[in-house]
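Okay, structure-v2.txt is below, compact mmCIF, C-alpha atoms:
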# COMPACT_ATOMS: atom_id res chain seq x y z
CA MET A 1 2.88 -10.48 -28.11
CA PRO A 2 4.88 -7.49 -26.86
CA ILE A 3 8.15 -8.39 -25.13
CA ALA A 4 8.83 -6.91 -21.67
CA LYS A 5 11.89 -6.84 -19.46
CA GLY A 6 11.85 -6.94 -15.69
CA TYR A 7 13.02 -8.69 -12.55
CA ALA A 8 11.35 -11.83 -11.23
CA ALA A 9 11.31 -14.21 -8.31
CA THR A 10 11.70 -17.76 -9.61
CA ASP A 11 11.63 -19.54 -6.26
CA ALA A 12 10.80 -18.61 -2.67
CA SER A 13 14.40 -19.07 -1.58
CA LYS A 14 16.18 -17.35 -4.46
CA PRO A 15 16.96 -13.68 -5.15
CA LEU A 16 15.13 -11.77 -7.86
CA THR A 17 16.89 -11.90 -11.22
CA PRO A 18 16.48 -10.36 -14.72
CA PHE A 19 13.50 -11.78 -16.61
CA THR A 20 12.20 -11.33 -20.15
CA PHE A 21 8.57 -12.23 -20.78
CA ASP A 22 5.54 -11.70 -23.00
CA ARG A 23 2.97 -9.07 -22.19
CA ARG A 24 -0.48 -9.87 -23.53
CA ASP A 25 -1.64 -8.19 -26.72
CA PRO A 26 -3.70 -5.06 -25.93
CA ASN A 27 -7.47 -5.22 -26.40
CA ALA A 28 -9.76 -2.39 -27.49
CA ASP A 29 -10.33 -1.32 -23.87
CA ASP A 30 -6.67 -1.52 -22.81
CA VAL A 31 -4.07 1.10 -21.96
CA VAL A 32 -0.39 0.39 -22.66
CA ILE A 33 1.93 2.02 -20.13
CA SER A 34 5.67 2.61 -20.16
CA VAL A 35 6.61 2.06 -16.52
CA LYS A 36 8.86 4.80 -15.12
CA TYR A 37 8.83 4.01 -11.40
CA CYS A 38 7.59 1.25 -9.13
CA GLY A 39 7.39 1.34 -5.35
CA VAL A 40 8.62 -1.55 -3.22
CA CYS A 41 5.96 -2.82 -0.82
CA HIS A 42 6.55 -5.21 2.09
CA SER A 43 3.87 -7.42 0.56
CA ASP A 44 6.19 -7.86 -2.45
CA ILE A 45 8.62 -9.55 -0.09
CA HIS A 46 5.92 -11.69 1.53
CA GLN A 47 4.73 -12.93 -1.86
CA ALA A 48 8.14 -13.31 -3.52
CA ARG A 49 9.18 -15.49 -0.57
CA ASN A 50 5.81 -17.30 -0.31
CA GLU A 51 5.35 -16.22 3.29
CA TRP A 52 1.59 -16.01 2.85
CA GLY A 53 1.35 -19.16 0.71
CA GLY A 54 -0.05 -19.40 -2.81
CA SER A 55 2.88 -17.79 -4.63
CA LYS A 56 3.18 -18.57 -8.34
CA TYR A 57 6.53 -18.51 -10.12
CA PRO A 58 8.02 -16.89 -12.06
CA MET A 59 6.66 -13.78 -10.32
CA VAL A 60 7.28 -10.17 -11.34
CA PRO A 61 6.27 -8.16 -8.23
CA GLY A 62 5.20 -4.53 -8.06
CA HIS A 63 1.81 -2.87 -7.53
CA GLU A 64 2.83 0.75 -7.05
CA VAL A 65 3.27 1.46 -10.74
CA ALA A 66 3.72 4.94 -12.22
CA GLY A 67 4.30 5.65 -15.88
CA ILE A 68 3.30 7.23 -19.17
CA VAL A 69 0.62 6.04 -21.60
CA THR A 70 2.19 4.91 -24.88
CA ALA A 71 -0.89 3.49 -26.64
CA VAL A 72 -4.64 3.15 -26.11
CA GLY A 73 -7.24 0.80 -27.55
CA SER A 74 -9.98 1.97 -29.89
CA GLU A 75 -12.61 1.96 -27.12
CA VAL A 76 -10.55 3.88 -24.54
CA THR A 77 -12.00 7.31 -23.72
CA LYS A 78 -10.38 8.39 -20.43
CA PHE A 79 -6.72 8.33 -21.45
CA LYS A 80 -4.49 9.40 -24.31
CA VAL A 81 -0.86 8.90 -25.26
CA GLY A 82 1.40 10.95 -22.98
CA ASP A 83 -0.87 10.89 -19.91
CA ARG A 84 0.74 10.39 -16.50
CA VAL A 85 -0.93 7.35 -14.96
CA GLY A 86 -0.68 4.72 -12.26
CA VAL A 87 -1.65 1.12 -11.61
CA GLY A 88 -2.31 -0.10 -8.09
CA CYS A 89 -2.95 -3.45 -6.45
CA PHE A 90 -5.49 -4.91 -8.88
CA VAL A 91 -6.08 -4.85 -12.63
CA ASP A 92 -9.53 -6.41 -12.98
CA SER A 93 -12.60 -7.38 -10.96
CA CYS A 94 -15.95 -9.03 -11.50
CA THR A 95 -17.89 -6.67 -13.75
CA THR A 96 -20.97 -8.90 -14.06
CA CYS A 97 -21.49 -10.01 -10.44
CA ALA A 98 -25.00 -9.45 -9.14
CA THR A 99 -23.53 -8.01 -5.96
CA ARG A 100 -21.06 -5.69 -7.72
CA ASP A 101 -20.50 -2.42 -5.89
CA LEU A 102 -17.84 -0.04 -7.20
CA ASP A 103 -17.18 1.20 -3.66
CA TYR A 104 -16.35 -2.30 -2.41
CA GLU A 105 -15.05 -4.08 -5.53
CA HIS A 106 -11.73 -4.87 -3.83
CA TYR A 107 -13.56 -7.05 -1.27
CA MET A 108 -15.60 -9.01 -3.82
CA PRO A 109 -14.95 -12.22 -5.79
CA GLY A 110 -13.25 -11.92 -9.15
CA LEU A 111 -10.49 -9.54 -8.08
CA VAL A 112 -7.36 -9.91 -10.23
CA GLN A 113 -4.16 -8.84 -8.52
CA THR A 114 -1.57 -6.86 -10.46
CA TYR A 115 0.89 -9.70 -9.98
CA ASN A 116 0.93 -13.29 -8.68
CA ASP A 117 -2.46 -13.93 -10.24
CA VAL A 118 -4.08 -14.80 -13.56
CA GLU A 119 -6.20 -12.67 -15.86
CA ALA A 120 -9.97 -13.15 -16.13
CA ASP A 121 -9.35 -15.81 -18.81
CA GLY A 122 -8.04 -18.03 -16.02
CA LYS A 123 -4.67 -18.77 -17.66
CA THR A 124 -2.71 -15.61 -18.54
CA PRO A 125 -0.39 -14.71 -15.63
CA THR A 126 -0.30 -11.17 -14.32
CA PHE A 127 3.14 -9.62 -13.99
CA GLY A 128 3.69 -6.45 -12.00
CA GLY A 129 5.61 -3.21 -12.15
CA TYR A 130 9.19 -4.40 -11.70
CA SER A 131 9.18 -4.19 -15.50
CA ASP A 132 9.41 -1.71 -18.33
CA SER A 133 5.79 -1.93 -19.52
CA ILE A 134 2.34 -3.06 -18.50
CA VAL A 135 -1.02 -3.50 -20.27
CA VAL A 136 -4.12 -2.72 -18.17
CA LYS A 137 -7.85 -2.33 -18.78
CA GLU A 138 -8.89 1.32 -18.85
CA GLY A 139 -11.14 1.02 -15.80
CA TYR A 140 -8.20 0.05 -13.59
CA VAL A 141 -5.82 2.83 -14.62
CA LEU A 142 -5.49 5.90 -12.39
CA SER A 143 -4.64 9.53 -13.18
CA PHE A 144 -1.91 11.41 -11.35
CA PRO A 145 -2.61 15.07 -10.49
CA ASP A 146 -0.23 17.39 -12.33
CA ASN A 147 1.61 18.40 -9.15
CA ILE A 148 2.35 14.84 -8.00
CA PRO A 149 5.74 13.55 -9.26
CA LEU A 150 5.66 10.01 -10.58
CA ASP A 151 8.53 8.80 -8.39
CA SER A 152 7.26 9.97 -4.99
CA GLY A 153 3.68 9.46 -6.15
CA ALA A 154 4.09 5.77 -6.98
CA PRO A 155 3.79 4.55 -3.33
CA LEU A 156 0.44 6.32 -3.01
CA LEU A 157 -1.03 3.50 -5.09
CA CYS A 158 -0.65 1.01 -2.24
CA ALA A 159 0.76 2.68 0.88
CA GLY A 160 -1.35 5.78 0.31
CA ILE A 161 -4.69 4.10 -0.31
CA THR A 162 -4.08 1.49 2.40
CA LEU A 163 -4.08 4.31 4.97
CA PHE A 164 -6.50 6.69 3.26
CA SER A 165 -9.32 4.14 3.10
CA PRO A 166 -9.57 3.34 6.85
CA LEU A 167 -8.97 6.96 7.83
CA ARG A 168 -11.93 7.98 5.68
CA HIS A 169 -14.12 5.02 6.65
CA TRP A 170 -13.63 5.60 10.38
CA LYS A 171 -14.07 9.36 9.88
CA ALA A 172 -10.70 10.70 10.93
CA GLY A 173 -10.92 14.47 11.10
CA PRO A 174 -11.16 17.47 13.40
CA GLY A 175 -11.79 16.49 17.01
CA LYS A 176 -10.63 12.90 16.50
CA LYS A 177 -7.54 11.45 18.15
CA VAL A 178 -5.79 9.05 15.81
CA ALA A 179 -2.78 6.86 16.60
CA ILE A 180 -0.58 5.37 13.90
CA VAL A 181 1.29 2.26 15.04
CA GLY A 182 4.58 1.99 13.17
CA MET A 183 6.53 4.74 11.44
CA GLY A 184 7.48 2.97 8.23
CA GLY A 185 6.38 2.90 4.61
CA LEU A 186 2.70 2.67 5.58
CA GLY A 187 2.85 4.56 8.86
CA HIS A 188 4.47 7.73 7.51
CA MET A 189 1.67 7.99 4.94
CA GLY A 190 -0.89 7.59 7.74
CA VAL A 191 0.64 10.52 9.62
CA LYS A 192 0.54 12.76 6.55
CA LEU A 193 -2.99 11.83 5.53
CA ALA A 194 -4.54 11.95 9.02
CA HIS A 195 -2.94 15.34 9.63
CA ALA A 196 -4.29 16.66 6.32
CA MET A 197 -7.76 15.44 7.30
CA GLY A 198 -7.55 17.55 10.45
CA ALA A 199 -7.12 14.78 13.03
CA ASP A 200 -4.93 14.98 16.14
CA VAL A 201 -2.20 12.46 15.24
CA THR A 202 0.05 10.44 17.56
CA VAL A 203 2.75 8.03 16.42
CA LEU A 204 3.33 4.85 18.44
CA SER A 205 6.71 3.46 17.45
CA GLN A 206 9.06 1.00 19.10
CA THR A 207 11.66 3.71 19.69
CA LEU A 208 11.93 7.48 19.43
CA SER A 209 14.51 7.32 16.61
CA LYS A 210 12.08 8.79 14.06
CA LYS A 211 10.42 11.28 16.39
CA GLU A 212 11.72 14.35 14.56
CA ASP A 213 10.43 12.99 11.26
CA GLY A 214 7.04 12.25 12.82
CA PHE A 215 6.63 15.86 13.93
CA LYS A 216 7.71 17.16 10.52
CA LEU A 217 5.11 14.97 8.80
CA GLY A 218 2.26 16.18 11.02
CA ALA A 219 2.24 14.22 14.27
CA LYS A 220 1.31 16.10 17.44
CA ASP A 221 2.72 13.45 19.80
CA TYR A 222 5.17 10.58 19.52
CA TYR A 223 5.65 7.75 22.01
CA ALA A 224 7.96 4.74 22.30
CA THR A 225 6.06 1.47 22.72
CA SER A 226 9.17 -0.11 24.23
CA ASP A 227 8.46 2.05 27.29
CA ALA A 228 5.80 0.38 29.46
CA GLU A 229 4.75 3.79 30.78
CA THR A 230 3.39 4.64 27.33
CA PHE A 231 0.55 2.15 27.75
CA THR A 232 -0.30 3.47 31.22
CA LYS A 233 -0.19 7.12 30.23
CA LEU A 234 -2.25 6.73 27.03
CA ALA A 235 -4.92 4.30 28.27
CA GLY A 236 -8.36 5.28 26.95
CA THR A 237 -6.98 8.06 24.72
CA PHE A 238 -7.74 7.32 21.06
CA ASP A 239 -10.80 7.24 18.84
CA LEU A 240 -8.94 5.32 16.16
CA ILE A 241 -5.72 3.31 16.07
CA ILE A 242 -4.33 2.11 12.75
CA ASN A 243 -1.81 -0.69 13.14
CA THR A 244 0.58 -0.76 10.18
CA VAL A 245 3.17 -3.22 11.48
CA GLY A 246 3.55 -6.64 9.92
CA THR A 247 5.05 -8.31 12.96
CA ALA A 248 3.30 -9.83 15.97
CA ILE A 249 2.66 -7.34 18.78
CA ASP A 250 0.33 -7.50 21.76
CA TRP A 251 -2.93 -6.25 20.26
CA ASN A 252 -4.56 -6.40 23.69
CA ALA A 253 -2.23 -3.71 25.02
CA TYR A 254 -3.06 -1.42 22.10
CA LEU A 255 -6.81 -2.02 22.37
CA ASN A 256 -6.60 -0.68 25.91
CA LEU A 257 -5.48 2.67 24.46
CA LEU A 258 -8.89 3.16 22.82
CA LYS A 259 -11.72 5.29 24.16
CA TYR A 260 -15.16 3.81 24.55
CA ASP A 261 -16.47 2.89 21.07
CA GLY A 262 -12.95 3.27 19.66
CA SER A 263 -11.62 1.09 16.87
CA MET A 264 -8.27 -0.45 16.10
CA VAL A 265 -7.83 -1.22 12.40
CA LEU A 266 -5.26 -3.67 11.07
CA VAL A 267 -3.54 -2.95 7.77
CA GLY A 268 -0.27 -4.76 8.54
CA VAL A 269 -0.36 -8.56 8.29
CA PRO A 270 1.74 -10.62 10.74
CA GLU A 271 2.87 -13.99 9.46
CA HIS A 272 1.31 -15.84 12.44
CA ALA A 273 -1.95 -15.50 14.38
CA VAL A 274 -2.11 -13.01 17.26
CA PRO A 275 -4.33 -13.82 20.28
CA VAL A 276 -7.02 -11.32 21.33
CA HIS A 277 -8.82 -11.49 24.67
CA ALA A 278 -12.55 -10.80 24.76
CA PHE A 279 -12.13 -8.44 27.71
CA SER A 280 -9.88 -6.23 25.59
CA LEU A 281 -13.02 -5.41 23.61
CA ILE A 282 -16.14 -5.91 25.72
CA PRO A 283 -15.80 -3.40 28.59
CA GLY A 284 -15.26 -0.40 26.31
CA ARG A 285 -17.42 -1.57 23.41
CA ARG A 286 -14.23 -1.40 21.37
CA SER A 287 -13.77 -2.84 17.90
CA LEU A 288 -10.93 -4.68 16.17
CA SER A 289 -11.21 -4.43 12.41
CA GLY A 290 -9.22 -4.82 9.22
CA SER A 291 -8.94 -2.82 6.02
CA MET A 292 -7.52 -3.65 2.59
CA ILE A 293 -6.48 -1.02 0.02
CA GLY A 294 -9.46 0.69 -1.65
CA SER A 295 -11.61 0.60 -4.76
CA ILE A 296 -10.46 2.23 -7.99
CA LYS A 297 -12.93 5.02 -7.28
CA GLU A 298 -11.56 5.60 -3.79
CA THR A 299 -7.95 5.34 -4.98
CA GLN A 300 -8.58 8.12 -7.48
CA GLU A 301 -10.19 10.17 -4.70
CA MET A 302 -7.05 9.58 -2.63
CA LEU A 303 -4.79 10.75 -5.45
CA ASP A 304 -6.89 13.87 -5.93
CA PHE A 305 -6.79 14.53 -2.16
CA CYS A 306 -3.01 14.17 -2.20
CA GLY A 307 -2.85 16.58 -5.12
CA GLU A 308 -4.92 19.15 -3.22
CA HIS A 309 -2.72 18.83 -0.11
CA ASN A 310 0.64 18.26 -1.86
CA ILE A 311 1.08 14.86 -0.20
CA VAL A 312 3.65 12.41 -1.56
CA ALA A 313 5.67 9.57 -0.07
CA GLU A 314 9.10 10.05 1.42
CA ILE A 315 11.25 7.90 -0.86
CA GLU A 316 14.69 6.53 -1.59
CA LYS A 317 15.16 5.80 -5.28
CA ILE A 318 17.11 2.70 -6.28
CA ASN A 319 18.20 0.96 -9.46
CA ILE A 320 16.46 -2.33 -10.07
CA GLN A 321 19.75 -4.18 -9.67
CA GLU A 322 19.61 -3.20 -5.97
CA ILE A 323 16.23 -4.84 -5.34
CA ASN A 324 17.49 -7.81 -3.31
CA GLU A 325 19.51 -5.54 -1.04
CA ALA A 326 16.46 -3.29 -0.72
CA TYR A 327 14.36 -6.25 0.45
CA GLU A 328 16.83 -6.92 3.26
CA ARG A 329 16.85 -3.26 4.22
CA VAL A 330 13.04 -3.18 4.36
CA LEU A 331 13.14 -6.07 6.81
CA LYS A 332 15.58 -4.09 8.96
CA SER A 333 13.45 -0.91 8.71
CA ASP A 334 16.45 0.70 7.04
CA VAL A 335 14.61 3.03 4.68
CA ARG A 336 12.92 6.39 5.12
CA TYR A 337 10.35 5.56 4.09
CA ARG A 338 9.65 3.79 0.82
CA PHE A 339 11.98 2.38 -1.82
CA VAL A 340 11.06 3.31 -5.38
CA ILE A 341 12.67 1.58 -8.36
CA ASP A 342 13.82 3.77 -11.23
CA ILE A 343 12.81 1.51 -14.11
CA ALA A 344 15.16 3.37 -16.47
CA SER A 345 17.90 1.33 -14.78
CA LEU A 346 16.62 -1.75 -16.66
CA ALA A 347 18.08 -0.40 -19.90

Final structure tokens representation of the file:
Amino acid sequence: MPIAKGYAATDASKPLTPFTFDRRDPNADDVVISVKYCGVCHSDIHQARNEWGGSKYPMVPGHEVAGIVTAVGSEVTKFKVGDRVGVGCFVDSCTTCATRDLDYEHYMPGLVQTYNDVEADGKTPTFGGYSDSIVVKEGYVLSFPDNIPLDSGAPLLCAGITLFSPLRHWKAGPGKKVAIVGMGGLGHMGVKLAHAMGADVTVLSQTLSKKEDGFKLGAKDYYATSDAETFTKLAGTFDLIINTVGTAIDWNAYLNLLKYDGSMVLVGVPEHAVPVHAFSLIPGRRSLSGSMIGSIKETQEMLDFCGEHNIVAEIEKINIQEINEAYERVLKSDVRYRFVIDIASLA
């Protein structure tokens, strides 16, 4: 088996540390990738610290993986050595399910996460992109457009698709008023993507500290949610609200900002349940929904869209030895707007 180096969580209460492990031998339909960059997602922290439950250790996080193909199996037709590629949040799915639908594969049974999971054989652990290499089935590898750098492109594979998918599904575009709740790693991508789709974009953030950035990224308006007047002034304003924050906020107050038939979509996941009152929904025929990443097909569409519109993440590159400090900074919202690990620092 090929030997890989990376950083791993070995316990929910311990920092990530250097870790050497076996990658599985490549099969005929596999692509071997030298990892160059990996984005740091808040869900990495949740899972490394077992905040959602079900964490398996040792765990090598990372599902915003960007790199270069170093080898391909004999049956691979889409990729060749030297290609610039990415790996997102899952590396396999049920290919024989009677209900299989390539547009909704990420919602169906049989999904294999890029890390903190096991392969389809039920025993081989998956290890993510905080490592120098990864082996992935051809059908779950993505192509980067030539004009998208690998470092600032890596976060598109989770943060990008997490916002692109609901914006497309709920038809954000010209004539639609879209609010993005939270101006962080997810939220800043929502502003860029919604603006590129032609929507009228408003940022709803706790303070106005990132207002200038919001306008630069494409927002038309920017309001502080710490100001009670915001919820009075904007009542009944939006067609679509996408809530990116992973902390508990009063969803009822935000639902009141929707127009009739408006939708609020959750992509951030609070640790604890948030109460919702029926009368926040019923009088305006409003909807509260959730959305999770996207299919491989949709993720490639997102990358191509970003290539057409020159959209990348706003990043701060770090060495992998700084990952534990980066986790603490993410929790303090002390990054603009996504950490990306330079995997060359593993050497």

Handout entry: Coordinates-based distance that separates CA of Pro2 in chain A from CA of Pro15 in chain A (Å, one decimal)
Key =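 Here the two named atoms are 25.6 Å from each other.
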
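Of the listed residues A:Gly110, A:His188, A:Leu288, A:Phe279, the one whose atoms come nearest to Asp213 in chain A is A:His188, with distances taken using all atoms listed in the file.
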
Anything within 7 Å of (1.0, 3.9, 16.7): list those residues as a PDB file with C-alpha atoms, in the coordinates of the input, counting all atoms listed in the file and sticking to the file's coordinates.
ATOM      1  CA  ALA A 179      -2.780   6.860  16.600  1.00  0.00           C
ATOM      2  CA  ILE A 180      -0.580   5.370  13.900  1.00  0.00           C
ATOM      3  CA  VAL A 181       1.290   2.260  15.040  1.00  0.00           C
ATOM      4  CA  GLY A 182       4.580   1.990  13.170  1.00  0.00           C
ATOM      5  CA  THR A 202       0.050  10.440  17.560  1.00  0.00           C
ATOM      6  CA  VAL A 203       2.750   8.030  16.420  1.00  0.00           C
ATOM      7  CA  LEU A 204       3.330   4.850  18.440  1.00  0.00           C
ATOM      8  CA  SER A 205       6.710   3.460  17.450  1.00  0.00           C
ATOM      9  CA  ILE A 241      -5.720   3.310  16.070  1.00  0.00           C
ATOM     10  CA  ILE A 242      -4.330   2.110  12.750  1.00  0.00           C
ATOM     11  CA  ASN A 243      -1.810  -0.690  13.140  1.00  0.00           C
TER      12      ASN A 243
END

Practice task
Please tell me which residues are no farther than 7 Å from (4.4, 9.8, -13.3) in the file, counting all atoms listed in the file, and write them as a list in words.
Solution key: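 Taken together, the residues in range are Lys36, Ala66, Gly67, Ile68, Arg84, Val85, Phe144, Pro149, Leu150 and Asp151 of chain A.
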
Selected residues written out with C-alpha atoms, as a compact mmCIF listing (two decimals), in the frame of the given file:
# COMPACT_ATOMS: atom_id res chain seq x y z
CA LYS A 36 8.86 4.80 -15.12
CA ALA A 66 3.72 4.94 -12.22
CA GLY A 67 4.30 5.65 -15.88
CA ILE A 68 3.30 7.23 -19.17
CA ARG A 84 0.74 10.39 -16.50
CA VAL A 85 -0.93 7.35 -14.96
CA PHE A 144 -1.91 11.41 -11.35
CA PRO A 149 5.74 13.55 -9.26
CA LEU A 150 5.66 10.01 -10.58
CA ASP A 151 8.53 8.80 -8.39

Shell of 12 Å around Glu322 in chain A, all atoms listed in the file, local chain residues under 5 positions omitted, as a compact mmCIF listing (two decimals) with C-alpha atoms, keeping the file's coordinate frame:
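Writing the result to result_38.txt gives the following:
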# COMPACT_ATOMS: atom_id res chain seq x y z
CA TYR A 7 13.02 -8.69 -12.55
CA PRO A 15 16.96 -13.68 -5.15
CA LEU A 16 15.13 -11.77 -7.86
CA THR A 17 16.89 -11.90 -11.22
CA PRO A 18 16.48 -10.36 -14.72
CA VAL A 40 8.62 -1.55 -3.22
CA TYR A 130 9.19 -4.40 -11.70
CA GLU A 316 14.69 6.53 -1.59
CA LYS A 317 15.16 5.80 -5.28
CA TYR A 327 14.36 -6.25 0.45
CA GLU A 328 16.83 -6.92 3.26
CA ARG A 329 16.85 -3.26 4.22
CA PHE A 339 11.98 2.38 -1.82
CA VAL A 340 11.06 3.31 -5.38
CA ILE A 341 12.67 1.58 -8.36
CA ASP A 342 13.82 3.77 -11.23
CA ILE A 343 12.81 1.51 -14.11
CA SER A 345 17.90 1.33 -14.78
CA LEU A 346 16.62 -1.75 -16.66

Handout entry: Exercise: Ser263 in chain A partners within 9 Å, only C-alpha atoms, chain neighbours under 5 positions left out, as a PyMOL selection string
Key = chain A and resi 170+238-242+255+258+286-289

Exercise for the section: Show which residues sit within 12 Å of range 265-269 of chain A, as JSON, numbers by chain. Count all atoms listed in the file, and ignore same-chain residues fewer than 4 positions away. Expected result: {"A": [41, 42, 43, 46, 51, 52, 158, 159, 160, 161, 162, 163, 164, 165, 166, 167, 169, 170, 178, 179, 180, 181, 182, 184, 185, 186, 187, 190, 239, 240, 241, 242, 243, 244, 245, 246, 247, 248, 249, 251, 254, 255, 258, 273, 274, 286, 287, 288, 289, 290, 291, 292, 293, 294]}

Practice task
Could you tell me which of A:Thr114, A:Ser133, A:Thr126, A:Asn147 comes closest to Ser34 in chain A if we count only C-alpha atoms?
Solution key: A:Ser133

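Minimum atom-to-atom distances from A:Tyr115, A:Tyr223, A:Tyr260, A:Phe305 to Asp92 in chain A were compared using only C-alpha atoms, and the lowest value belongs to A:Tyr115.
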
Residues near Pro145 in chain A, cut-off 8 Å, only C-alpha atoms, skip fewer than 4 positions along chain, as an mmCIF file with C-alpha atoms, in the frame of the given file:
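For reference, result.cif as written:
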data_model
loop_
_atom_site.group_PDB
_atom_site.id
_atom_site.type_symbol
_atom_site.label_atom_id
_atom_site.label_comp_id
_atom_site.auth_asym_id
_atom_site.auth_seq_id
_atom_site.Cartn_x
_atom_site.Cartn_y
_atom_site.Cartn_z
ATOM 1 C CA LEU A 303 -4.790 10.750 -5.450
ATOM 2 C CA ASP A 304 -6.890 13.870 -5.930
ATOM 3 C CA GLY A 307 -2.850 16.580 -5.120
#

Handout entry: Who sits within 9 Å of Ala120 in chain A, only C-alpha atoms, same chain under 2 positions skipped, as a list in words
Key = Asp92, Ser93, Cys94, Gly110, Leu111, Val112, Val118, Gly122, Lys123 and Thr124 of chain A

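Using all atoms listed in the file, the nearest neighbour of Ser143 in chain A within the list A:Leu157, A:Ala344, A:Ala12, A:Met189 is A:Leu157.
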